[in-house]
$ cat protein-v4.txt   # compact mmCIF, C-alpha atoms and all ligand atoms
# COMPACT_ATOMS: atom_id res chain seq x y z
CA MET A 1 30.71 61.07 -10.64
CA SER A 2 30.18 60.98 -14.40
CA THR A 3 27.21 58.97 -15.69
CA SER A 4 28.77 58.01 -19.02
CA VAL A 5 32.31 56.75 -19.46
CA ALA A 6 34.08 54.95 -22.26
CA VAL A 7 34.21 51.55 -20.57
CA GLY A 8 32.93 48.78 -22.82
CA ARG A 9 34.47 48.40 -26.26
CA ILE A 10 31.30 46.98 -27.82
CA LYS A 11 28.65 49.08 -26.07
CA PRO A 12 29.78 51.52 -23.36
CA CYS A 13 28.45 51.21 -19.83
CA ARG A 14 26.24 54.07 -18.72
CA ILE A 15 23.73 55.18 -16.14
CA ILE A 16 20.17 55.27 -17.45
CA ASP A 17 17.84 57.59 -15.53
CA LEU A 18 14.53 55.77 -15.22
CA PRO A 19 11.20 57.62 -15.11
CA GLU A 20 10.03 58.11 -11.54
CA PHE A 21 6.44 58.89 -10.60
CA THR A 22 6.04 60.28 -7.11
CA ASP A 23 2.80 61.30 -5.42
CA PRO A 24 1.52 61.22 -1.83
CA ARG A 25 1.22 57.41 -2.09
CA GLY A 26 4.92 56.98 -2.77
CA SER A 27 7.16 56.46 -5.79
CA LEU A 28 7.16 54.16 -8.80
CA CYS A 29 9.86 53.61 -11.42
CA VAL A 30 9.43 51.87 -14.76
CA VAL A 31 11.71 50.03 -17.20
CA GLU A 32 10.40 49.18 -20.68
CA THR A 33 12.11 47.21 -23.42
CA GLY A 34 13.06 49.40 -26.36
CA ILE A 35 12.28 52.61 -24.47
CA HIS A 36 14.57 52.64 -21.45
CA VAL A 37 16.80 49.66 -22.28
CA PRO A 38 18.12 48.83 -25.75
CA PHE A 39 17.44 45.09 -25.43
CA VAL A 40 14.54 42.71 -24.88
CA ILE A 41 14.26 41.79 -21.18
CA ARG A 42 14.09 37.99 -20.97
CA ARG A 43 15.15 37.36 -17.37
CA ALA A 44 15.17 39.12 -14.02
CA TYR A 45 16.99 38.16 -10.84
CA TYR A 46 17.67 39.92 -7.58
CA MET A 47 20.13 39.73 -4.71
CA PHE A 48 19.39 40.30 -1.05
CA ASP A 49 20.67 39.29 2.43
CA ILE A 50 24.17 40.20 1.28
CA PRO A 51 26.56 39.90 4.24
CA ASP A 52 28.69 42.83 5.28
CA GLY A 53 31.90 42.87 3.22
CA ALA A 54 30.69 40.36 0.62
CA ALA A 55 31.55 40.89 -3.05
CA ARG A 56 29.55 39.53 -5.97
CA GLY A 57 30.16 39.28 -9.66
CA ALA A 58 33.82 38.69 -10.55
CA HIS A 59 32.80 37.64 -14.03
CA GLY A 60 32.25 38.92 -17.54
CA HIS A 61 29.76 38.07 -20.27
CA ARG A 62 30.52 37.27 -23.87
CA ARG A 63 27.19 38.49 -25.21
CA LEU A 64 24.78 39.46 -22.44
CA GLU A 65 23.32 42.95 -22.00
CA GLN A 66 21.80 43.96 -18.70
CA LEU A 67 20.49 46.76 -16.51
CA ILE A 68 21.41 46.75 -12.82
CA ILE A 69 19.32 48.65 -10.25
CA ALA A 70 19.71 49.08 -6.49
CA VAL A 71 15.97 48.88 -5.76
CA HIS A 72 16.87 49.34 -2.09
CA GLY A 73 20.13 50.42 -0.50
CA ARG A 74 23.41 51.03 -2.23
CA PHE A 75 26.31 49.23 -3.84
CA GLU A 76 29.12 49.87 -6.29
CA VAL A 77 29.85 48.19 -9.60
CA VAL A 78 33.46 48.23 -10.79
CA VAL A 79 33.45 47.76 -14.56
CA ASP A 80 36.51 46.80 -16.61
CA ASP A 81 36.74 46.30 -20.38
CA GLY A 82 40.35 45.12 -20.30
CA PHE A 83 41.67 48.64 -20.89
CA THR A 84 39.81 50.97 -18.53
CA LYS A 85 38.11 50.57 -15.15
CA HIS A 86 35.36 52.72 -13.68
CA THR A 87 33.26 52.55 -10.52
CA PHE A 88 29.54 53.25 -10.77
CA VAL A 89 27.60 53.93 -7.57
CA LEU A 90 24.03 52.64 -7.53
CA ASP A 91 22.22 54.37 -4.70
CA HIS A 92 18.71 55.12 -5.95
CA PRO A 93 15.95 52.98 -7.54
CA SER A 94 15.67 55.43 -10.47
CA LYS A 95 19.29 54.81 -11.56
CA GLY A 96 20.01 51.82 -13.79
CA LEU A 97 23.49 50.80 -14.89
CA TYR A 98 23.47 49.55 -18.47
CA MET A 99 26.20 47.02 -19.24
CA GLY A 100 26.90 45.52 -22.63
CA PRO A 101 28.97 42.47 -23.61
CA MET A 102 32.68 41.98 -22.84
CA VAL A 103 32.82 43.89 -19.57
CA TRP A 104 34.19 42.38 -16.35
CA ARG A 105 32.28 43.47 -13.22
CA ASP A 106 32.76 43.34 -9.47
CA MET A 107 29.90 44.35 -7.18
CA VAL A 108 31.19 45.64 -3.83
CA ASP A 109 30.39 47.79 -0.79
CA PHE A 110 26.79 46.65 -0.33
CA ALA A 111 25.01 48.68 2.33
CA PRO A 112 23.08 46.59 4.89
CA GLY A 113 19.66 45.54 3.60
CA THR A 114 20.46 46.26 -0.05
CA VAL A 115 18.34 44.59 -2.72
CA GLY A 116 19.81 44.60 -6.23
CA LEU A 117 17.77 43.84 -9.34
CA TRP A 118 19.20 42.61 -12.65
CA LEU A 119 17.16 42.86 -15.85
CA VAL A 120 18.90 40.89 -18.56
CA ALA A 121 18.59 40.11 -22.24
CA ASP A 122 18.75 36.34 -22.23
CA HIS A 123 18.21 33.16 -20.27
CA TYR A 124 20.91 31.87 -17.93
CA ASP A 125 23.77 30.23 -19.82
CA GLU A 126 26.92 29.45 -17.86
CA SER A 127 28.88 28.82 -21.08
CA GLU A 128 28.43 32.51 -21.94
CA TYR A 129 30.30 33.65 -18.79
CA TYR A 130 33.95 34.50 -18.33
CA ARG A 131 34.88 33.32 -14.83
CA ASP A 132 38.62 33.52 -15.44
CA TYR A 133 39.96 37.09 -15.50
CA GLU A 134 43.06 36.24 -17.57
CA GLU A 135 40.92 34.60 -20.25
CA PHE A 136 38.62 37.63 -20.24
CA LEU A 137 41.58 40.03 -20.55
CA ARG A 138 43.04 38.12 -23.48
CA ASP A 139 39.76 38.21 -25.42
CA ALA A 140 38.82 41.77 -24.40
CA ARG A 141 42.19 43.16 -25.45
CA SER A 142 41.88 41.53 -28.85
CA LEU A 143 38.95 43.90 -29.45
CA ALA A 144 41.29 46.92 -29.57
P1 LIG B 201 26.65 33.88 -9.51
O1 LIG B 201 26.86 33.94 -10.98
O2 LIG B 201 27.76 33.33 -8.67
O3 LIG B 201 26.27 35.32 -8.96
P2 LIG B 201 27.14 36.65 -9.17
O4 LIG B 201 26.32 37.53 -10.05
O5 LIG B 201 27.40 37.23 -7.83
O6 LIG B 201 28.40 36.25 -9.86
O7 LIG B 201 25.32 33.04 -9.26
C1 LIG B 201 25.06 32.41 -8.01
C2 LIG B 201 24.33 31.11 -8.29
O8 LIG B 201 23.07 31.37 -8.90
C3 LIG B 201 25.10 30.19 -9.22
O9 LIG B 201 25.00 28.88 -8.70
C4 LIG B 201 24.36 30.28 -10.52
C5 LIG B 201 22.95 30.61 -10.10
N1 LIG B 201 22.20 31.40 -11.08
C6 LIG B 201 21.17 30.82 -11.79
O10 LIG B 201 20.89 29.61 -11.65
N2 LIG B 201 20.45 31.58 -12.66
C7 LIG B 201 20.73 32.90 -12.85
O11 LIG B 201 20.05 33.56 -13.67
C8 LIG B 201 21.83 33.48 -12.12
C9 LIG B 201 22.20 34.93 -12.34
C10 LIG B 201 22.53 32.71 -11.24

$ encode --input "protein-v4.txt" --output "structure tokens"
Amino acid sequence: MSTSVAVGRIKPCRIIDLPEFTDPRGSLCVVETGIHVPFVIRRAYYMFDIPDGAARGAHGHRRLEQLIIAVHGRFEVVVDDGFTKHTFVLDHPSKGLYMGPMVWRDMVDFAPGTVGLWLVADHYDESEYYRDYEEFLRDARSLA
């Protein structure tokens, strides 16, 4: 599984390896604005109690940047910039998936008990979402 692929015409998606500090008391990972992520973190949200077989996402963002972390468990993120698709596996708290603007995403195959954390660059704004795949495709392909 490659950690960097050319999906994302504005800023490519990639796995960011986060610093992990492990000692006899356990492990700690850190994410800092401007050091580990190339955007200011203005919002965080997390998902949990995800039923077996459920899929999340099915949207794109016009502008938003984000980092996605499986802080517990495992899931997959299928990214699509209108030209190329790639599946990233998030299966460790030290792996963050960076996603830039104009990328459609589907989150699938959540292991039982998974908790996913999203660190994002701006406040919630529904008008900034693509919820319609055909509309996303039309705009994304105009970026060629
Ligand atoms: P939704 O966008 O459907 O989640 P997914 O990432 O799986 O597509 O969000 C579920 C609900 O949560 C929806 O009613 C919008 C709301 N929500 C907020 O109010 N603030 C947020 O920051 C987010 C991400 C979602």

$ residues_near_ligand --input "protein-v4.txt" --ligand "ligand LIG 201 (chain B)" --cutoff "7 Å" --atoms "all atoms listed in the file" --output "PDB file with C-alpha atoms, in the coordinates of the input"
ATOM      1  CA  TYR A  45      16.990  38.160 -10.840  1.00  0.00           C
ATOM      2  CA  ARG A  56      29.550  39.530  -5.970  1.00  0.00           C
ATOM      3  CA  GLY A  57      30.160  39.280  -9.660  1.00  0.00           C
ATOM      4  CA  ALA A  58      33.820  38.690 -10.550  1.00  0.00           C
ATOM      5  CA  HIS A  59      32.800  37.640 -14.030  1.00  0.00           C
ATOM      6  CA  HIS A 123      18.210  33.160 -20.270  1.00  0.00           C
ATOM      7  CA  TYR A 124      20.910  31.870 -17.930  1.00  0.00           C
TER       8      TYR A 124
END

$ closest_residue --input "protein-v4.txt" --among "A:Leu119, A:Val7, A:Leu18, A:Val71" --to "Val103 of chain A" --atoms "all atoms listed in the file"
A:Val7

$ residues_around --input "protein-v4.txt" --residues "Arg43 of chain A" --least-positions-apart "3" --cutoff "12 Å" --atoms "all atoms listed in the file" --output "VMD selection string"
chain A and resid 33 39 to 40 46 64 to 67 117 to 125

$ atom_distance --input "protein-v4.txt" --atom1 "atom CA of Glu20 of chain A" --atom2 "atom CA of Ala70 of chain A"
14.2 Å

$ atom_distance --input "protein-v4.txt" --atom1 "atom CA of Pro93 of chain A" --atom2 "atom CA of Gly53 of chain A"
21.7 Å

$ closest_residue --input "protein-v4.txt" --among "A:Leu90, A:Leu137, A:Ala44, A:Val108" --to "Val31 of chain A" --atoms "only C-alpha atoms"
A:Ala44

$ closest_residue --input "protein-v4.txt" --among "A:Leu143, A:Ile10, A:Ile15, A:Ala111" --to "Asp52 of chain A" --atoms "all atoms listed in the file"
A:Ala111

$ residues_around --input "protein-v4.txt" --residues "Glu76 of chain A" --least-positions-apart "3" --cutoff "7 Å" --atoms "all atoms listed in the file" --output "CSV table (one decimal) with C-alpha atoms, in the frame of the given file"
chain,number,residue,atom,x,y,z
A,87,THR,CA,33.3,52.6,-10.5
A,88,PHE,CA,29.5,53.2,-10.8
A,89,VAL,CA,27.6,53.9,-7.6
A,90,LEU,CA,24.0,52.6,-7.5
A,107,MET,CA,29.9,44.4,-7.2
A,108,VAL,CA,31.2,45.6,-3.8
A,109,ASP,CA,30.4,47.8,-0.8

$ atom_distance --input "protein-v4.txt" --atom1 "atom CA of Tyr133 of chain A" --atom2 "atom CA of Phe110 of chain A"
22.2 Å

$ residues_around --input "protein-v4.txt" --residues "Pro12 of chain A" --least-positions-apart "6" --cutoff "8 Å" --atoms "all atoms listed in the file" --output "list of chain:residue names"
A:Ser4, A:Val5, A:Ala6, A:Met99, A:Gly100

$ axis_aligned_box --input "protein-v4.txt" --around "segment 112-129 of chain A" --padding-each-side "4 Å" --output "JSON"
{"center_x": 23.7, "center_y": 37.7, "center_z": -8.7, "size_x": 21.1, "size_y": 25.8, "size_z": 35.1}

$ residues_near_point --input "protein-v4.txt" --point "(40.4, 38.9, -23.3)" --cutoff "12 Å" --atoms "all atoms listed in the file" --output "list in words"
Arg9, Gly60, His61, Arg62, Asp80, Asp81, Gly82, Phe83, Pro101, Met102, Val103, Trp104, Tyr130, Arg131, Asp132, Tyr133, Glu134, Glu135, Phe136, Leu137, Arg138, Asp139, Ala140, Arg141, Ser142, Leu143 and Ala144 of chain A

$ build_atoms --input "protein-v4.txt" --residues "segment 58-78 of chain A" --atoms "N, CA, C and O atoms" --output "compact mmCIF listing (two decimals), in the frame of the given file"
# COMPACT_ATOMS: atom_id res chain seq x y z
N ALA A 58 32.53 39.29 -10.17
CA ALA A 58 33.82 38.69 -10.55
C ALA A 58 33.63 37.79 -11.77
O ALA A 58 34.03 36.63 -11.79
N HIS A 59 32.97 38.34 -12.76
CA HIS A 59 32.80 37.64 -14.03
C HIS A 59 32.55 38.63 -15.16
O HIS A 59 32.29 39.81 -14.91
N GLY A 60 32.62 38.14 -16.36
CA GLY A 60 32.25 38.92 -17.54
C GLY A 60 31.30 38.10 -18.38
O GLY A 60 31.12 36.89 -18.16
N HIS A 61 30.67 38.76 -19.36
CA HIS A 61 29.76 38.07 -20.27
C HIS A 61 30.22 38.25 -21.70
O HIS A 61 30.61 39.35 -22.10
N ARG A 62 30.15 37.18 -22.45
CA ARG A 62 30.52 37.27 -23.87
C ARG A 62 29.51 38.07 -24.67
O ARG A 62 29.87 38.85 -25.55
N ARG A 63 28.23 37.87 -24.37
CA ARG A 63 27.19 38.49 -25.21
C ARG A 63 26.15 39.28 -24.43
O ARG A 63 25.48 40.14 -24.99
N LEU A 64 25.96 38.98 -23.17
CA LEU A 64 24.78 39.46 -22.44
C LEU A 64 24.76 40.98 -22.24
O LEU A 64 25.77 41.59 -21.92
N GLU A 65 23.58 41.55 -22.39
CA GLU A 65 23.32 42.95 -22.00
C GLU A 65 22.44 42.93 -20.76
O GLU A 65 21.60 42.03 -20.60
N GLN A 66 22.60 43.93 -19.92
CA GLN A 66 21.80 43.96 -18.70
C GLN A 66 21.67 45.37 -18.14
O GLN A 66 22.44 46.27 -18.49
N LEU A 67 20.67 45.52 -17.26
CA LEU A 67 20.49 46.76 -16.51
C LEU A 67 20.47 46.38 -15.04
O LEU A 67 19.73 45.46 -14.64
N ILE A 68 21.29 47.06 -14.24
CA ILE A 68 21.41 46.75 -12.82
C ILE A 68 20.84 47.92 -12.02
O ILE A 68 21.18 49.08 -12.28
N ILE A 69 19.98 47.61 -11.05
CA ILE A 69 19.32 48.65 -10.25
C ILE A 69 19.44 48.29 -8.77
O ILE A 69 19.18 47.13 -8.39
N ALA A 70 19.81 49.27 -7.95
CA ALA A 70 19.71 49.08 -6.49
C ALA A 70 18.28 49.49 -6.11
O ALA A 70 18.00 50.67 -5.94
N VAL A 71 17.37 48.52 -6.06
CA VAL A 71 15.97 48.88 -5.76
C VAL A 71 15.82 49.28 -4.29
O VAL A 71 14.87 49.96 -3.92
N HIS A 72 16.80 48.86 -3.48
CA HIS A 72 16.87 49.34 -2.09
C HIS A 72 18.33 49.32 -1.67
O HIS A 72 19.05 48.38 -1.97
N GLY A 73 18.76 50.39 -1.02
CA GLY A 73 20.13 50.42 -0.50
C GLY A 73 21.11 50.99 -1.51
O GLY A 73 20.78 51.85 -2.33
N ARG A 74 22.31 50.45 -1.46
CA ARG A 74 23.41 51.03 -2.23
C ARG A 74 24.50 50.00 -2.43
O ARG A 74 24.81 49.24 -1.52
N PHE A 75 25.08 49.99 -3.62
CA PHE A 75 26.31 49.23 -3.84
C PHE A 75 27.07 49.84 -5.01
O PHE A 75 26.57 50.75 -5.69
N GLU A 76 28.28 49.36 -5.22
CA GLU A 76 29.12 49.87 -6.29
C GLU A 76 29.41 48.76 -7.28
O GLU A 76 29.54 47.59 -6.89
N VAL A 77 29.50 49.15 -8.55
CA VAL A 77 29.85 48.19 -9.60
C VAL A 77 31.13 48.69 -10.27
O VAL A 77 31.15 49.78 -10.85
N VAL A 78 32.19 47.89 -10.15
CA VAL A 78 33.46 48.23 -10.79
C VAL A 78 33.46 47.52 -12.15
O VAL A 78 33.41 46.29 -12.20
